[in-house]
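Participant: This is the structure I want to talk about, given as structure tokens.
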Amino acid sequence: MSGPAGAQRTLALETSAMTPPGINPYADSTARRAFLDREARLRQLPEVERDFVRLGDMPDLARWLDQIRATGGCAAPVHLAGHTTTLASDTGEVLRHYTTATEPGGRLAVRCRNRRASRCAPCSREHSGDTFHLVRAGLSGGKGVPDSVRTRPRLFVTLTAPSFGRVHRVGVCHPARRGRCEHSGRHGCGGTHSATDVLVGQPLCTSCYDYPGHVLWNASAPTLWKAFRVFSSG
């Protein structure tokens, strides 16, 4: 939960299946009096704290906490609802069946796995940690990578795709120049663009821009990358 407002919304969903506040479920006078006294004390608390108290009374609180721990404190978890059944391919025997109907609120929370810290700091931090260990294993071995990589040359290679034509860019764009291209388009822009400007990334001249080359390059990029890896490792 990212804050009081988020906690309030989440807790309201989780407590929806509980006894509605203020509704007396007891017929015995002593139990009824205790229930009403408790409700009176709860009404003196802030709304979020009241939800926390009622959450603590949930019979499936332990499973709800398990879900929170499993998501690593994800600030924006994805909630899944449904069921899955695993069958033996030869006999059709049911090997495993799972349904979210038995989960708190009838749903299962999973990580959002967003890499941007502005969207979800816990998931972004986990991704950064995973990246560190992958890079470290590639340099010193481990996690399935042989230790012999320590004695091999290390290169930091930056690969850049070819240019398919000039496009508008963030900040000071291409300076305006005299003359025009063969399609009567300008050789420069001369303007300044913000990151949200719709012109950013658009060609200065749509007739000069190599759209077929752009499409073919991106379509062939996986094959080109594979060929590069085979050539460089062989």
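All residue names refer to the structure tokens as shown: chains lettered A, B, ... in order, residues numbered from 1 in each chain, ligands numbered from 1 in order.
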Give me the residues within 9 Å of range 63-77 of chain A as JSON, numbers by chain, counting only C-alpha atoms and dropping any in the same chain fewer than 2 places off.

Facilitator: {"A": [1, 2, 6, 14, 60, 61, 79, 103, 104, 108, 109, 110, 111, 112, 113, 114, 119, 120, 121, 122, 123, 126]}

Participant: Would you write out those residues with N, CA and C atoms, as a JSON list (two decimals), in the first residue's frame?

Facilitator:
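Printed below is result_30.json as written:
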[["chain", "number", "residue", "atom", "x", "y", "z"],
["A", 1, "MET", "N", 0.84, -1.19, 0.00],
["A", 1, "MET", "CA", 0.00, 0.00, 0.00],
["A", 1, "MET", "C", 0.87, 1.24, 0.00],
["A", 2, "SER", "N", 0.58, 2.20, -0.87],
["A", 2, "SER", "CA", 1.45, 3.33, -1.08],
["A", 2, "SER", "C", 1.17, 4.48, -0.14],
["A", 6, "GLY", "N", -4.41, 4.90, -0.41],
["A", 6, "GLY", "CA", -4.36, 3.57, -1.02],
["A", 6, "GLY", "C", -4.72, 2.50, -0.02],
["A", 14, "GLU", "N", -11.12, -5.40, 1.11],
["A", 14, "GLU", "CA", -10.89, -6.64, 1.84],
["A", 14, "GLU", "C", -11.94, -6.87, 2.93],
["A", 60, "ASP", "N", -9.38, -14.97, 7.39],
["A", 60, "ASP", "CA", -8.32, -15.34, 6.44],
["A", 60, "ASP", "C", -7.24, -14.27, 6.39],
["A", 61, "LEU", "N", -7.02, -13.58, 7.53],
["A", 61, "LEU", "CA", -5.99, -12.55, 7.58],
["A", 61, "LEU", "C", -4.61, -13.10, 7.25],
["A", 79, "HIS", "N", -4.52, -7.74, -9.53],
["A", 79, "HIS", "CA", -5.40, -8.69, -8.87],
["A", 79, "HIS", "C", -6.03, -9.61, -9.91],
["A", 103, "GLU", "N", -9.51, -17.31, -1.97],
["A", 103, "GLU", "CA", -8.59, -16.27, -1.53],
["A", 103, "GLU", "C", -9.36, -15.11, -0.89],
["A", 104, "PRO", "N", -8.70, -14.31, -0.06],
["A", 104, "PRO", "CA", -9.37, -13.14, 0.52],
["A", 104, "PRO", "C", -9.91, -12.22, -0.56],
["A", 108, "LEU", "N", -6.37, -12.95, -6.27],
["A", 108, "LEU", "CA", -4.97, -13.20, -5.94],
["A", 108, "LEU", "C", -4.14, -12.02, -6.39],
["A", 109, "ALA", "N", -3.32, -11.48, -5.49],
["A", 109, "ALA", "CA", -2.47, -10.33, -5.82],
["A", 109, "ALA", "C", -1.10, -10.81, -6.31],
["A", 110, "VAL", "N", -0.63, -10.26, -7.43],
["A", 110, "VAL", "CA", 0.70, -10.56, -7.96],
["A", 110, "VAL", "C", 1.41, -9.24, -8.24],
["A", 111, "ARG", "N", 2.74, -9.30, -8.32],
["A", 111, "ARG", "CA", 3.53, -8.11, -8.56],
["A", 111, "ARG", "C", 3.17, -7.44, -9.89],
["A", 112, "CYS", "N", 3.26, -6.11, -9.92],
["A", 112, "CYS", "CA", 3.07, -5.40, -11.18],
["A", 112, "CYS", "C", 4.33, -5.47, -12.04],
["A", 113, "ARG", "N", 5.50, -5.65, -11.39],
["A", 113, "ARG", "CA", 6.79, -5.78, -12.06],
["A", 113, "ARG", "C", 7.14, -4.57, -12.94],
["A", 114, "ASN", "N", 6.68, -3.40, -12.54],
["A", 114, "ASN", "CA", 7.02, -2.19, -13.28],
["A", 114, "ASN", "C", 8.46, -1.79, -12.96],
["A", 119, "ARG", "N", 6.53, 4.59, -10.60],
["A", 119, "ARG", "CA", 5.28, 3.83, -10.61],
["A", 119, "ARG", "C", 5.22, 2.82, -9.46],
["A", 120, "CYS", "N", 6.34, 2.14, -9.21],
["A", 120, "CYS", "CA", 6.36, 1.14, -8.13],
["A", 120, "CYS", "C", 7.80, 0.98, -7.66],
["A", 121, "ALA", "N", 8.12, 1.60, -6.54],
["A", 121, "ALA", "CA", 9.50, 1.55, -6.02],
["A", 121, "ALA", "C", 9.94, 0.13, -5.65],
["A", 122, "PRO", "N", 9.10, -0.69, -4.98],
["A", 122, "PRO", "CA", 9.55, -2.05, -4.62],
["A", 122, "PRO", "C", 9.89, -2.91, -5.84],
["A", 123, "CYS", "N", 9.04, -2.91, -6.87],
["A", 123, "CYS", "CA", 9.30, -3.73, -8.05],
["A", 123, "CYS", "C", 10.50, -3.20, -8.83],
["A", 126, "GLU", "N", 13.58, -4.39, -7.06],
["A", 126, "GLU", "CA", 13.84, -5.82, -7.30],
["A", 126, "GLU", "C", 14.44, -6.02, -8.69]]

Participant: Step one, run DSSP on the backbone; step two, keep only residues of range 30-211 of chain A assigned to helix (DSSP H, G or I); then write them as a PyMOL selection string.

Facilitator: chain A and resi 30-43+47-56+61-70+100-102+104-106+121-140+147-151+211

Participant: Just to confirm, what's the straight-line distance from CA of Arg107 in chain A to CA of Leu80 in chain A in Å (one decimal)?

Facilitator: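 Computed distance, CA of Arg107 in chain A to CA of Leu80 in chain A, equals 5.4 Å.
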
Participant: Of the residues A:Ala31, A:Val172, A:Leu87, A:Leu42, which is the one nearest to Gly191 in chain A, using only C-alpha atoms?

Facilitator: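 Selected residue with least distance to Gly191 in chain A: A:Val172.
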
Participant: Hey, what's within 12 Å of range 145-147 of chain A if we count only C-alpha atoms and toss same-chain stuff fewer than 5 positions away? As an MDAnalysis selection string, please?

Facilitator: chainID A and resid 133:140 152

Participant: Any idea what's packed within 12 Å of Arg96 in chain A, counting only C-alpha atoms, ignoring anything in its chain fewer than 6 positions away? Could you give it as number ranges by chain?

Facilitator: A: 83-88

Participant: Quick one: of A:Gly171, A:Gly213, A:Gly92, A:Pro162, who's nearest to Ser194 in chain A, counting only C-alpha atoms?

Facilitator: A:Gly171

Participant: Excluding Arg169 in chain A and any residue of its chain fewer than 3 positions from it, enumerate the residues within 12 Å of it, using only C-alpha atoms, and give them as a PyMOL selection string.

Facilitator: chain A and resi 166+172-175+188-204

Participant: Residues near Cys181 in chain A, anyone? I mean within 10 Å using only C-alpha atoms, not counting same-chain ones fewer than 4 positions away, as a PyMOL selection string.

Facilitator: chain A and resi 185-187+205+207-208

Participant: Print the selection's residues with C-alpha atoms to a file, as a compact mmCIF listing (two decimals), in the first residue's frame.

Facilitator:
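What landed in result24.txt:
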# COMPACT_ATOMS: atom_id res chain seq x y z
CA GLY A 185 11.22 20.32 -47.32
CA ARG A 186 13.34 22.32 -44.88
CA HIS A 187 16.84 21.10 -44.01
CA CYS A 205 10.59 15.64 -44.34
CA SER A 207 9.29 12.15 -48.30
CA CYS A 208 13.00 11.97 -47.46
